[in-house]
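Source file: structure_15.txt. Holds: compact mmCIF, C-alpha atoms and all ligand atoms.
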# COMPACT_ATOMS: atom_id res chain seq x y z
CA MET Q 1 94.79 71.61 107.09
CA VAL Q 2 96.73 72.89 110.08
CA ILE Q 3 98.19 70.73 112.80
CA VAL Q 4 98.53 72.48 116.13
CA MET Q 5 101.23 70.89 118.27
CA GLN Q 6 100.90 70.72 122.03
CA LYS Q 7 102.74 73.36 124.03
CA ASN Q 8 105.10 70.74 125.43
CA ALA Q 9 105.61 68.86 122.14
CA SER Q 10 109.25 67.83 121.74
CA ASP Q 11 111.34 68.47 118.64
CA THR Q 12 111.23 64.71 117.99
CA ASP Q 13 107.41 64.78 118.03
CA ILE Q 14 107.38 67.69 115.58
CA GLU Q 15 109.96 66.08 113.28
CA HIS Q 16 107.98 62.86 113.28
CA VAL Q 17 104.73 64.58 112.26
CA VAL Q 18 106.59 66.50 109.53
CA ALA Q 19 108.12 63.24 108.27
CA VAL Q 20 104.73 61.50 108.15
CA LEU Q 21 103.23 64.40 106.21
CA SER Q 22 106.16 64.64 103.78
CA GLU Q 23 106.01 60.90 103.13
CA ARG Q 24 102.40 61.33 102.12
CA GLY Q 25 103.39 64.00 99.61
CA PHE Q 26 102.29 67.15 101.45
CA ASP Q 27 104.22 70.42 101.70
CA VAL Q 28 104.69 71.39 105.32
CA HIS Q 29 105.15 74.99 106.51
CA ARG Q 30 106.07 75.61 110.13
CA SER Q 31 104.89 78.52 112.18
CA THR Q 32 106.74 78.65 115.48
CA GLY Q 33 105.04 80.95 117.96
CA SER Q 34 106.40 81.87 121.37
CA ASP Q 35 105.09 78.70 122.97
CA GLN Q 36 103.58 76.52 120.26
CA THR Q 37 104.31 75.19 116.79
CA VAL Q 38 101.66 75.06 114.10
CA LEU Q 39 102.20 73.05 110.91
CA GLY Q 40 100.50 74.23 107.75
CA VAL Q 41 99.80 71.31 105.45
CA VAL Q 42 99.42 72.16 101.79
CA GLY Q 43 98.42 69.73 99.06
CA ASP Q 44 95.44 67.58 98.30
CA VAL Q 45 94.18 67.16 101.86
CA ALA Q 46 90.55 66.59 100.83
CA SER Q 47 90.84 62.82 101.18
CA VAL Q 48 92.61 62.74 104.55
CA ASP Q 49 90.88 62.47 107.88
CA PRO Q 50 92.44 64.99 110.28
CA ARG Q 51 91.89 62.52 113.14
CA GLU Q 52 94.66 60.33 111.67
CA PHE Q 53 97.10 63.02 112.76
CA GLU Q 54 95.53 63.79 116.10
CA VAL Q 55 96.66 60.43 117.42
CA LEU Q 56 100.32 61.18 116.74
CA SER Q 57 102.44 62.01 119.75
CA GLY Q 58 102.58 65.72 120.61
CA VAL Q 59 99.63 66.74 118.43
CA GLN Q 60 96.95 68.89 120.06
CA GLU Q 61 94.56 69.12 117.13
CA ALA Q 62 94.36 68.83 113.35
CA VAL Q 63 91.83 71.03 111.64
CA ARG Q 64 90.88 71.66 108.08
CA VAL Q 65 91.24 75.28 106.98
CA SER Q 66 88.01 76.03 105.23
CA GLU Q 67 89.33 79.13 103.44
CA PRO Q 68 91.11 78.51 100.11
CA TYR Q 69 94.08 80.57 101.31
CA LYS Q 70 96.03 78.69 103.93
CA LEU Q 71 99.41 80.12 104.90
CA SER Q 72 98.14 83.70 104.96
CA SER Q 73 95.19 82.72 107.13
CA ARG Q 74 94.80 83.46 110.84
CA SER Q 75 94.07 79.76 111.35
CA PHE Q 76 97.65 78.98 110.38
CA ARG Q 77 99.24 81.74 112.42
CA ARG Q 78 97.24 83.38 115.17
CA SER Q 79 99.65 86.13 116.04
CA LYS Q 80 100.45 88.91 113.63
CA THR Q 81 103.46 88.57 111.36
CA ILE Q 82 106.10 91.23 111.83
CA VAL Q 83 108.10 91.89 108.67
CA LYS Q 84 111.54 93.40 109.21
CA ALA Q 85 113.18 95.64 106.63
CA ARG Q 86 116.56 97.13 107.57
CA GLY Q 87 115.62 96.88 111.24
CA ILE Q 88 112.20 98.52 110.74
CA GLU Q 89 109.30 96.39 111.93
CA ILE Q 90 106.10 96.42 109.90
CA GLY Q 91 103.18 94.78 111.69
CA GLY Q 92 104.46 95.56 115.20
CA SER Q 93 103.26 98.41 117.38
CA ASP Q 94 104.72 101.14 115.15
CA VAL Q 95 102.71 102.53 112.25
CA VAL Q 96 105.36 102.79 109.52
CA ILE Q 97 105.23 105.60 106.98
CA MET Q 98 106.69 105.02 103.51
CA ALA Q 99 106.98 108.10 101.31
CA GLY Q 100 108.70 109.44 98.22
CA PRO Q 101 108.08 110.20 94.59
CA CYS Q 102 106.08 108.06 92.21
CA THR Q 103 109.15 107.64 90.05
CA ILE Q 104 112.83 108.41 90.43
CA GLU Q 105 113.56 111.20 87.94
CA ASN Q 106 117.04 112.48 88.79
CA GLU Q 107 119.44 112.88 91.69
CA ARG Q 108 118.27 116.31 92.81
CA GLN Q 109 114.59 115.38 92.81
CA LEU Q 110 115.12 112.19 94.78
CA PHE Q 111 117.60 113.54 97.34
CA GLU Q 112 115.56 116.68 97.97
CA THR Q 113 112.33 114.72 98.43
CA ALA Q 114 114.05 112.08 100.57
CA LYS Q 115 115.52 114.69 102.88
CA ARG Q 116 112.14 116.37 103.39
CA VAL Q 117 110.16 113.18 104.02
CA ALA Q 118 112.84 111.79 106.35
CA ARG Q 119 112.87 114.99 108.36
CA ALA Q 120 109.09 114.76 108.74
CA GLY Q 121 109.31 111.16 110.03
CA ALA Q 122 109.02 108.78 107.06
CA ARG Q 123 111.17 105.71 107.58
CA ILE Q 124 110.99 104.02 104.19
CA LEU Q 125 111.78 105.78 100.92
CA ARG Q 126 109.68 104.89 97.90
CA GLY Q 127 110.48 105.50 94.25
CA GLY Q 128 109.81 103.51 91.10
CA ALA Q 129 112.65 102.67 88.75
CA TYR Q 130 110.57 100.36 86.58
CA LYS Q 131 107.19 101.94 85.96
CA PRO Q 132 104.05 100.16 84.75
CA ARG Q 133 102.63 103.02 82.68
CA THR Q 134 99.22 102.88 81.08
CA SER Q 135 100.72 104.42 77.92
CA PRO Q 136 103.80 102.92 76.26
CA TYR Q 137 104.79 106.46 75.25
CA ALA Q 138 105.04 107.66 78.87
CA PHE Q 139 108.32 107.66 80.86
CA GLN Q 140 109.11 104.07 81.77
CA GLY Q 141 111.57 104.68 84.63
CA MET Q 142 115.33 105.08 85.10
CA GLY Q 143 115.99 101.38 85.70
CA ILE Q 144 119.12 100.35 87.55
CA GLU Q 145 120.57 103.89 87.59
CA GLY Q 146 117.45 104.97 89.46
CA LEU Q 147 117.84 102.14 91.97
CA LYS Q 148 121.40 103.25 92.70
CA LEU Q 149 120.12 106.74 93.46
CA LEU Q 150 117.38 105.27 95.65
CA ARG Q 151 119.91 103.32 97.72
CA ALA Q 152 122.17 106.35 98.07
CA ALA Q 153 119.29 108.63 99.10
CA GLY Q 154 118.03 106.00 101.54
CA ASP Q 155 121.48 105.63 103.10
CA GLU Q 156 122.00 109.36 103.38
CA ASN Q 157 118.73 109.73 105.28
CA ASN Q 158 118.89 106.50 107.26
CA MET Q 159 115.85 105.06 105.47
CA ALA Q 160 114.97 101.67 104.09
CA THR Q 161 113.95 101.57 100.42
CA ILE Q 162 111.02 100.18 98.44
CA SER Q 163 110.65 99.93 94.67
CA GLU Q 164 108.49 98.05 92.22
CA VAL Q 165 109.56 94.89 90.46
CA MET Q 166 107.75 94.20 87.19
CA GLU Q 167 109.31 91.02 85.92
CA ILE Q 168 111.34 88.04 87.06
CA GLY Q 169 114.45 89.19 85.20
CA GLN Q 170 114.67 92.32 87.37
CA ILE Q 171 114.64 90.58 90.76
CA GLU Q 172 118.31 89.66 91.04
CA SER Q 173 119.65 93.09 90.22
CA MET Q 174 117.18 94.82 92.56
CA LEU Q 175 118.22 92.90 95.67
CA GLU Q 176 121.33 95.00 96.21
CA TYR Q 177 119.49 98.33 96.26
CA VAL Q 178 116.04 97.67 97.61
CA ASP Q 179 114.88 96.53 101.07
CA ILE Q 180 111.28 95.79 100.05
CA LEU Q 181 110.19 94.71 96.57
CA GLN Q 182 106.80 96.07 95.56
CA VAL Q 183 104.42 94.13 93.34
CA GLY Q 184 102.08 96.61 91.72
CA ALA Q 185 98.33 96.35 91.27
CA ARG Q 186 98.76 95.38 87.63
CA ASN Q 187 100.99 92.45 88.55
CA MET Q 188 99.03 91.04 91.47
CA GLN Q 189 97.97 88.19 89.23
CA ASN Q 190 101.34 87.64 87.57
CA TYR Q 191 101.67 84.26 89.20
CA ASN Q 192 105.07 83.44 87.69
CA LEU Q 193 106.47 86.63 89.19
CA LEU Q 194 104.87 85.89 92.56
CA SER Q 195 106.29 82.35 92.60
CA ALA Q 196 109.76 83.68 91.81
CA LEU Q 197 109.43 86.16 94.70
CA GLY Q 198 108.60 83.20 96.94
CA GLN Q 199 112.13 81.94 96.33
CA ILE Q 200 113.96 85.01 97.62
CA ARG Q 201 114.40 86.14 101.21
CA LYS Q 202 113.45 89.81 101.07
CA PRO Q 203 110.17 91.43 102.11
CA ILE Q 204 107.52 91.80 99.42
CA LEU Q 205 104.81 94.46 99.39
CA LEU Q 206 101.86 93.01 97.48
CA LYS Q 207 99.40 95.60 96.24
CA ARG Q 208 95.79 94.65 95.72
CA GLY Q 209 94.82 94.32 92.08
CA MET Q 210 92.43 97.03 90.98
CA SER Q 211 89.62 94.52 90.42
CA ALA Q 212 90.69 91.85 92.88
CA THR Q 213 88.53 90.55 95.68
CA ILE Q 214 90.09 90.16 99.09
CA GLN Q 215 90.11 86.41 98.60
CA GLU Q 216 91.94 86.68 95.26
CA TRP Q 217 94.45 89.01 96.88
CA LEU Q 218 95.13 86.59 99.74
CA LEU Q 219 95.46 83.75 97.24
CA ALA Q 220 98.02 85.82 95.35
CA SER Q 221 100.00 86.22 98.58
CA GLU Q 222 99.89 82.45 98.90
CA TYR Q 223 102.08 82.11 95.78
CA ILE Q 224 104.85 83.95 97.65
CA LEU Q 225 104.31 82.33 101.04
CA SER Q 226 104.17 78.80 99.68
CA GLY Q 227 107.66 79.28 98.21
CA GLY Q 228 108.92 79.87 101.76
CA ASN Q 229 109.10 83.68 101.73
CA TYR Q 230 106.89 84.59 104.67
CA ASP Q 231 107.72 88.30 104.66
CA VAL Q 232 104.71 89.62 102.80
CA ILE Q 233 103.03 92.98 103.45
CA LEU Q 234 99.63 93.61 101.87
CA CYS Q 235 98.76 97.06 100.48
CA GLU Q 236 95.25 98.32 99.72
CA ARG Q 237 95.53 100.95 96.95
CA GLY Q 238 91.97 101.51 95.82
CA ILE Q 239 89.77 99.45 93.57
CA ARG Q 240 87.82 100.27 90.42
CA THR Q 241 84.19 101.11 91.05
CA PHE Q 242 81.48 103.03 89.17
CA GLU Q 243 82.72 106.25 90.81
CA THR Q 244 84.71 108.47 88.47
CA TYR Q 245 85.36 111.53 90.65
CA THR Q 246 88.34 109.84 92.27
CA ARG Q 247 90.97 107.77 90.46
CA ASN Q 248 89.92 104.64 92.36
CA THR Q 249 87.86 103.96 95.47
CA LEU Q 250 89.79 103.29 98.65
CA ASP Q 251 88.35 100.14 100.23
CA ILE Q 252 88.92 101.16 103.82
CA SER Q 253 87.01 98.11 105.02
CA ALA Q 254 89.74 95.90 103.57
CA ILE Q 255 91.95 96.96 106.50
CA PRO Q 256 89.85 95.50 109.36
CA VAL Q 257 88.82 92.58 107.12
CA ILE Q 258 92.44 91.62 106.41
CA ASN Q 259 93.27 92.09 110.09
CA LYS Q 260 90.63 89.50 110.88
CA LEU Q 261 91.33 87.00 108.09
CA SER Q 262 95.10 87.16 107.91
CA HIS Q 263 98.18 87.56 110.10
CA LEU Q 264 100.01 89.49 107.37
CA PRO Q 265 100.72 93.21 107.92
CA ILE Q 266 98.36 95.49 106.01
CA ILE Q 267 99.14 99.01 104.87
CA ALA Q 268 97.33 101.32 102.44
CA ASP Q 269 98.22 103.81 99.72
CA PRO Q 270 95.89 106.83 99.66
CA SER Q 271 97.72 108.46 96.71
CA HIS Q 272 96.84 105.91 94.03
CA ALA Q 273 93.45 105.32 95.65
CA VAL Q 274 92.19 108.87 95.32
CA GLY Q 275 94.47 110.38 92.66
CA ARG Q 276 94.03 113.95 93.95
CA ARG Q 277 96.39 115.71 96.32
CA ASP Q 278 93.60 117.49 98.20
CA LYS Q 279 92.07 114.18 99.33
CA VAL Q 280 95.22 112.29 100.26
CA MET Q 281 95.49 113.66 103.80
CA PRO Q 282 91.96 112.74 104.99
CA LEU Q 283 92.34 109.25 103.53
CA ALA Q 284 95.72 108.77 105.21
CA ARG Q 285 94.14 109.74 108.53
CA ALA Q 286 91.33 107.23 107.95
CA ILE Q 287 93.81 104.49 107.01
CA VAL Q 288 95.63 104.85 110.31
CA ALA Q 289 92.39 105.12 112.29
CA ALA Q 290 91.13 101.90 110.65
CA GLY Q 291 94.08 99.93 112.03
CA ALA Q 292 96.61 99.79 109.21
CA ASP Q 293 100.24 98.97 109.96
CA GLY Q 294 101.52 101.68 107.66
CA VAL Q 295 100.84 104.18 104.91
CA LEU Q 296 102.51 104.49 101.49
CA ILE Q 297 102.33 108.06 100.19
CA GLU Q 298 103.60 109.86 97.12
CA VAL Q 299 105.50 113.07 97.88
CA HIS Q 300 107.43 115.21 95.39
CA HIS Q 301 109.52 118.29 96.14
CA GLU Q 302 107.98 120.01 93.09
CA PRO Q 303 104.82 118.07 92.22
CA GLU Q 304 103.81 120.42 89.39
CA LYS Q 305 106.98 119.36 87.57
CA ALA Q 306 106.66 115.64 88.35
CA VAL Q 307 107.07 113.28 85.41
CA CYS Q 308 104.45 110.96 86.85
CA ASP Q 309 101.51 111.26 89.28
CA GLY Q 310 102.18 114.91 90.16
CA PRO Q 311 98.48 115.74 90.83
CA GLN Q 312 98.32 113.17 93.62
CA SER Q 313 101.76 113.87 95.11
CA LEU Q 314 101.88 115.87 98.34
CA TYR Q 315 104.13 118.89 98.77
CA PRO Q 316 106.74 118.19 101.46
CA ASP Q 317 105.09 120.76 103.77
CA GLN Q 318 101.75 119.00 103.45
CA PHE Q 319 103.41 115.71 104.23
CA ALA Q 320 104.99 117.19 107.37
CA ARG Q 321 101.58 118.49 108.44
CA LEU Q 322 100.04 115.08 107.83
CA MET Q 323 102.72 113.47 110.00
CA ASP Q 324 101.80 115.88 112.81
CA GLU Q 325 98.17 114.84 112.47
CA LEU Q 326 99.07 111.16 112.46
CA ARG Q 327 101.03 111.67 115.70
CA ILE Q 328 97.70 112.54 117.31
CA ILE Q 329 95.69 109.70 115.74
CA VAL Q 330 98.21 106.89 116.18
CA PRO Q 331 98.17 106.76 120.03
CA ALA Q 332 94.36 107.00 119.97
CA VAL Q 333 94.26 103.60 118.22
CA GLY Q 334 96.80 102.06 120.57
CA ARG Q 335 99.82 102.30 118.31
CA THR Q 336 103.12 104.16 118.17
CA LEU Q 337 104.72 106.19 115.39
C1 LIG M 1 103.11 102.79 92.45
O1 LIG M 1 103.03 102.64 93.68
O2 LIG M 1 103.97 103.49 91.92
C2 LIG M 1 102.11 102.17 91.56
C3 LIG M 1 102.33 102.04 90.25
O3 LIG M 1 101.01 101.77 92.20
P1 LIG M 1 99.84 100.74 91.75
O4 LIG M 1 100.52 99.47 91.38
O5 LIG M 1 99.03 100.66 93.01
O6 LIG M 1 99.11 101.39 90.63
MN MN M 2 102.40 106.61 91.16

For the structure just supplied, provide its representation as structure tokens.
Amino acid sequence: MVIVMQKNASDTDIEHVVAVLSERGFDVHRSTGSDQTVLGVVGDVASVDPREFEVLSGVQEAVRVSEPYKLSSRSFRRSKTIVKARGIEIGGSDVVIMAGPCTIENERQLFETAKRVARAGARILRGGAYKPRTSPYAFQGMGIEGLKLLRAAGDENNMATISEVMEIGQIESMLEYVDILQVGARNMQNYNLLSALGQIRKPILLKRGMSATIQEWLLASEYILSGGNYDVILCERGIRTFETYTRNTLDISAIPVINKLSHLPIIADPSHAVGRRDKVMPLARAIVAAGADGVLIEVHHEPEKAVCDGPQSLYPDQFARLMDELRIIVPAVGRTL
């Protein structure tokens, strides 16, 4: 249920409604817009009559949210959420480009790639230090030493940083080095991890699980939001279908669908979606044209030598060319880059 307060509702009115709800055992989440407060009520609301709340002073309306996801829904917050990472706004008018290698391999690789993507216009540096590899025999990531390199390369190029967190025990040590914590496709349903990320105050990028419906994905985001961390960015990264030519199938329709159902920023990752370098650029163009708030792209200064995901990593020159193309598309869809 959401309770929409009147535009002129006083703080006392709002506090009173919150107190009544808390007394009845509900969790209350506030969304304060520019001129109106909306209260998201979470708990077993099935037995309450919303009209009981409409008679309270300062309440405009109380409505049941029919979707199972609540805090991520547009009914709870009508205006788009803007997530800020190191001063960069994701979900505002800018389309934000995040780029870098799949995994941090060594200092030279990361610094060289960072310099090239920064020069081309990327604002957030990606690089995995903890890697969820399909094979246990494959490189598993540099861990904390990799995160230190990521921070240093980000600082040198005036970029924010993003890296994947795989388990609760890694969260604390990552906070110092990373501006956005990424939850990978394989962990979208790791509900203990999601709940723990709800307790911190750092942006989270939540990738869509490879077999997850949009509803399951939004419900996963709810685990983070309901802990009080409202800085969640969603990332479409391709889903498993019967098609085998590409690594996954980019669900481009998820972008306008999420924009309708949710206020959370939505970006997409063409690299993991398609798995082939020659198809990353057209998909990135489509992602921006479809209304995404950003793109997450793998770039490597020498992709043929990459330890991980080389075939889908762009050469720095290709990335620079893609940025030039995006500079043409972005204004056509009413955004800035
Ligand atoms: C990644 O971005 O490095 C990654 C592992 O992606 P995904 O979780 O989408 O497979
Ligand atoms: Mn990868």

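The space separating CA of Met142 in chain Q from CA of Val307 in chain Q comes to 11.6 Å.
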
Do you know which residues are within 10 Å of ligand LIG 1 (chain M) using all atoms listed in the file? Can you write them as a ChimeraX atom specification? /Q:100-103,126-134,162-164,166,182-188,206-210,235-239,248,268-273,296-298,308-309

Kindly save the residues from that selection, with C-alpha atoms included, as a PDB file, keeping the file's coordinate frame.
ATOM      1  CA  GLY Q 100     108.700 109.440  98.220  1.00  0.00           C
ATOM      2  CA  PRO Q 101     108.080 110.200  94.590  1.00  0.00           C
ATOM      3  CA  CYS Q 102     106.080 108.060  92.210  1.00  0.00           C
ATOM      4  CA  THR Q 103     109.150 107.640  90.050  1.00  0.00           C
ATOM      5  CA  ARG Q 126     109.680 104.890  97.900  1.00  0.00           C
ATOM      6  CA  GLY Q 127     110.480 105.500  94.250  1.00  0.00           C
ATOM      7  CA  GLY Q 128     109.810 103.510  91.100  1.00  0.00           C
ATOM      8  CA  ALA Q 129     112.650 102.670  88.750  1.00  0.00           C
ATOM      9  CA  TYR Q 130     110.570 100.360  86.580  1.00  0.00           C
ATOM     10  CA  LYS Q 131     107.190 101.940  85.960  1.00  0.00           C
ATOM     11  CA  PRO Q 132     104.050 100.160  84.750  1.00  0.00           C
ATOM     12  CA  ARG Q 133     102.630 103.020  82.680  1.00  0.00           C
ATOM     13  CA  THR Q 134      99.220 102.880  81.080  1.00  0.00           C
ATOM     14  CA  ILE Q 162     111.020 100.180  98.440  1.00  0.00           C
ATOM     15  CA  SER Q 163     110.650  99.930  94.670  1.00  0.00           C
ATOM     16  CA  GLU Q 164     108.490  98.050  92.220  1.00  0.00           C
ATOM     17  CA  MET Q 166     107.750  94.200  87.190  1.00  0.00           C
ATOM     18  CA  GLN Q 182     106.800  96.070  95.560  1.00  0.00           C
ATOM     19  CA  VAL Q 183     104.420  94.130  93.340  1.00  0.00           C
ATOM     20  CA  GLY Q 184     102.080  96.610  91.720  1.00  0.00           C
ATOM     21  CA  ALA Q 185      98.330  96.350  91.270  1.00  0.00           C
ATOM     22  CA  ARG Q 186      98.760  95.380  87.630  1.00  0.00           C
ATOM     23  CA  ASN Q 187     100.990  92.450  88.550  1.00  0.00           C
ATOM     24  CA  MET Q 188      99.030  91.040  91.470  1.00  0.00           C
ATOM     25  CA  LEU Q 206     101.860  93.010  97.480  1.00  0.00           C
ATOM     26  CA  LYS Q 207      99.400  95.600  96.240  1.00  0.00           C
ATOM     27  CA  ARG Q 208      95.790  94.650  95.720  1.00  0.00           C
ATOM     28  CA  GLY Q 209      94.820  94.320  92.080  1.00  0.00           C
ATOM     29  CA  MET Q 210      92.430  97.030  90.980  1.00  0.00           C
ATOM     30  CA  CYS Q 235      98.760  97.060 100.480  1.00  0.00           C
ATOM     31  CA  GLU Q 236      95.250  98.320  99.720  1.00  0.00           C
ATOM     32  CA  ARG Q 237      95.530 100.950  96.950  1.00  0.00           C
ATOM     33  CA  GLY Q 238      91.970 101.510  95.820  1.00  0.00           C
ATOM     34  CA  ILE Q 239      89.770  99.450  93.570  1.00  0.00           C
ATOM     35  CA  ASN Q 248      89.920 104.640  92.360  1.00  0.00           C
ATOM     36  CA  ALA Q 268      97.330 101.320 102.440  1.00  0.00           C
ATOM     37  CA  ASP Q 269      98.220 103.810  99.720  1.00  0.00           C
ATOM     38  CA  PRO Q 270      95.890 106.830  99.660  1.00  0.00           C
ATOM     39  CA  SER Q 271      97.720 108.460  96.710  1.00  0.00           C
ATOM     40  CA  HIS Q 272      96.840 105.910  94.030  1.00  0.00           C
ATOM     41  CA  ALA Q 273      93.450 105.320  95.650  1.00  0.00           C
ATOM     42  CA  LEU Q 296     102.510 104.490 101.490  1.00  0.00           C
ATOM     43  CA  ILE Q 297     102.330 108.060 100.190  1.00  0.00           C
ATOM     44  CA  GLU Q 298     103.600 109.860  97.120  1.00  0.00           C
ATOM     45  CA  CYS Q 308     104.450 110.960  86.850  1.00  0.00           C
ATOM     46  CA  ASP Q 309     101.510 111.260  89.280  1.00  0.00           C
TER      47      ASP Q 309
END

Got a sec: who's within 12 Å of Ser34 in chain Q, counting only C-alpha atoms, leaving out chain neighbours fewer than 5 positions off, as a list in words? Lys7, Asn8, Arg77, Arg78 and Ser79 of chain Q

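Every residue within 6 Å of the file position (108.8, 91.4, 106.9), judged by all atoms listed in the file, is given as Q:Ile82, Q:Val83, Q:Lys84, Q:Pro203, Q:Asp231.
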
Export C-alpha atoms of the chosen residues as a CSV table (one decimal), keeping the file's coordinate frame?
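Final output, part-v3.csv:
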chain,number,residue,atom,x,y,z
Q,82,ILE,CA,106.1,91.2,111.8
Q,83,VAL,CA,108.1,91.9,108.7
Q,84,LYS,CA,111.5,93.4,109.2
Q,203,PRO,CA,110.2,91.4,102.1
Q,231,ASP,CA,107.7,88.3,104.7

Test item: residues at most 8 Å from Arg30 in chain Q, all atoms listed in the file, excluding those fewer than 4 positions along its chain, as a tab-separated table (two decimals) with C-alpha atoms, in the coordinates of the input:
chain	number	residue	atom	x	y	z
Q	37	THR	CA	104.31	75.19	116.79
Q	38	VAL	CA	101.66	75.06	114.10
Q	39	LEU	CA	102.20	73.05	110.91
Q	40	GLY	CA	100.50	74.23	107.75

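Minimum distance to ligand MN 2 (chain M) across Q:Leu194, Q:Gly154, Q:Ile267, Q:Ala99 (counting only C-alpha atoms and all ligand atoms) occurs at Q:Ala99.
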
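Shortest atom-to-atom contact with ligand MN 2 (chain M) among Q:Arg327, Q:Arg276, Q:Lys80, Q:Arg240: Q:Arg276, counting all atoms listed in the file.
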
Could you please determine the separation between CA of Ser262 in chain Q and CA of Arg64 in chain Q in Å, to one decimal place? 16.1 Å

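Between Asp11 in chain Q and the residues Q:Gly58, Q:Pro303, Q:Gly275, Q:Pro136, the shortest atom-to-atom distance, using only C-alpha atoms, involves Q:Gly58.
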
Just the number, please: distance in Å from CA of Met174 in chain Q to CA of Ile90 in chain Q, one decimal. 20.6 Å

Which residues, written as a count of residues only, have at least one atom at most 10 Å from range 42-45 of chain Q, with all atoms listed in the file counted and residues fewer than 6 positions away on the same chain left out? 14

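The smallest atom-to-atom distance between Leu264 in chain Q and any of Q:Val48, Q:Ile252, Q:Ile224, Q:Val232, using only C-alpha atoms, is found for Q:Val232.
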
If I only have part of range 120-134 of chain Q, can you fill in N, CA and C atoms and write it as a PDB file, in the frame of the given file?
ATOM      1  N   ALA Q 120     110.456 114.756 108.200  1.00  0.00           N
ATOM      2  CA  ALA Q 120     109.090 114.760 108.740  1.00  0.00           C
ATOM      3  C   ALA Q 120     108.749 113.448 109.464  1.00  0.00           C
ATOM      4  N   GLY Q 121     109.552 112.400 109.277  1.00  0.00           N
ATOM      5  CA  GLY Q 121     109.310 111.160 110.030  1.00  0.00           C
ATOM      6  C   GLY Q 121     109.056 109.914 109.196  1.00  0.00           C
ATOM      7  N   ALA Q 122     109.167 110.002 107.870  1.00  0.00           N
ATOM      8  CA  ALA Q 122     109.020 108.780 107.060  1.00  0.00           C
ATOM      9  C   ALA Q 122     110.247 107.903 107.280  1.00  0.00           C
ATOM     10  N   ARG Q 123     110.040 106.602 107.305  1.00  0.00           N
ATOM     11  CA  ARG Q 123     111.170 105.710 107.580  1.00  0.00           C
ATOM     12  C   ARG Q 123     111.579 104.871 106.376  1.00  0.00           C
ATOM     13  N   ILE Q 124     110.684 104.813 105.392  1.00  0.00           N
ATOM     14  CA  ILE Q 124     110.990 104.020 104.190  1.00  0.00           C
ATOM     15  C   ILE Q 124     110.792 104.923 102.974  1.00  0.00           C
ATOM     16  N   LEU Q 125     111.805 104.914 102.101  1.00  0.00           N
ATOM     17  CA  LEU Q 125     111.780 105.780 100.920  1.00  0.00           C
ATOM     18  C   LEU Q 125     111.259 105.009  99.719  1.00  0.00           C
ATOM     19  N   ARG Q 126     110.213 105.543  99.084  1.00  0.00           N
ATOM     20  CA  ARG Q 126     109.680 104.890  97.900  1.00  0.00           C
ATOM     21  C   ARG Q 126     110.174 105.605  96.641  1.00  0.00           C
ATOM     22  N   GLY Q 127     110.127 104.898  95.529  1.00  0.00           N
ATOM     23  CA  GLY Q 127     110.480 105.500  94.250  1.00  0.00           C
ATOM     24  C   GLY Q 127     110.573 104.397  93.213  1.00  0.00           C
ATOM     25  N   GLY Q 128     109.820 104.550  92.124  1.00  0.00           N
ATOM     26  CA  GLY Q 128     109.810 103.510  91.100  1.00  0.00           C
ATOM     27  C   GLY Q 128     110.951 103.719  90.112  1.00  0.00           C
ATOM     28  N   ALA Q 129     111.608 102.633  89.774  1.00  0.00           N
ATOM     29  CA  ALA Q 129     112.650 102.670  88.750  1.00  0.00           C
ATOM     30  C   ALA Q 129     112.175 101.939  87.495  1.00  0.00           C
ATOM     31  N   TYR Q 130     111.230 101.045  87.693  1.00  0.00           N
ATOM     32  CA  TYR Q 130     110.570 100.360  86.580  1.00  0.00           C
ATOM     33  C   TYR Q 130     109.092 100.700  86.734  1.00  0.00           C
ATOM     34  N   LYS Q 131     108.544 101.432  85.794  1.00  0.00           N
ATOM     35  CA  LYS Q 131     107.190 101.940  85.960  1.00  0.00           C
ATOM     36  C   LYS Q 131     106.185 101.248  85.039  1.00  0.00           C
ATOM     37  N   PRO Q 132     105.105 100.731  85.596  1.00  0.00           N
ATOM     38  CA  PRO Q 132     104.050 100.160  84.750  1.00  0.00           C
ATOM     39  C   PRO Q 132     103.146 101.291  84.271  1.00  0.00           C
ATOM     40  N   ARG Q 133     103.412 101.874  83.138  1.00  0.00           N
ATOM     41  CA  ARG Q 133     102.630 103.020  82.680  1.00  0.00           C
ATOM     42  C   ARG Q 133     101.504 102.574  81.763  1.00  0.00           C
ATOM     43  N   THR Q 134     100.371 103.225  81.900  1.00  0.00           N
ATOM     44  CA  THR Q 134      99.220 102.880  81.080  1.00  0.00           C
ATOM     45  C   THR Q 134      99.542 103.104  79.603  1.00  0.00           C
TER      46      THR Q 134
END
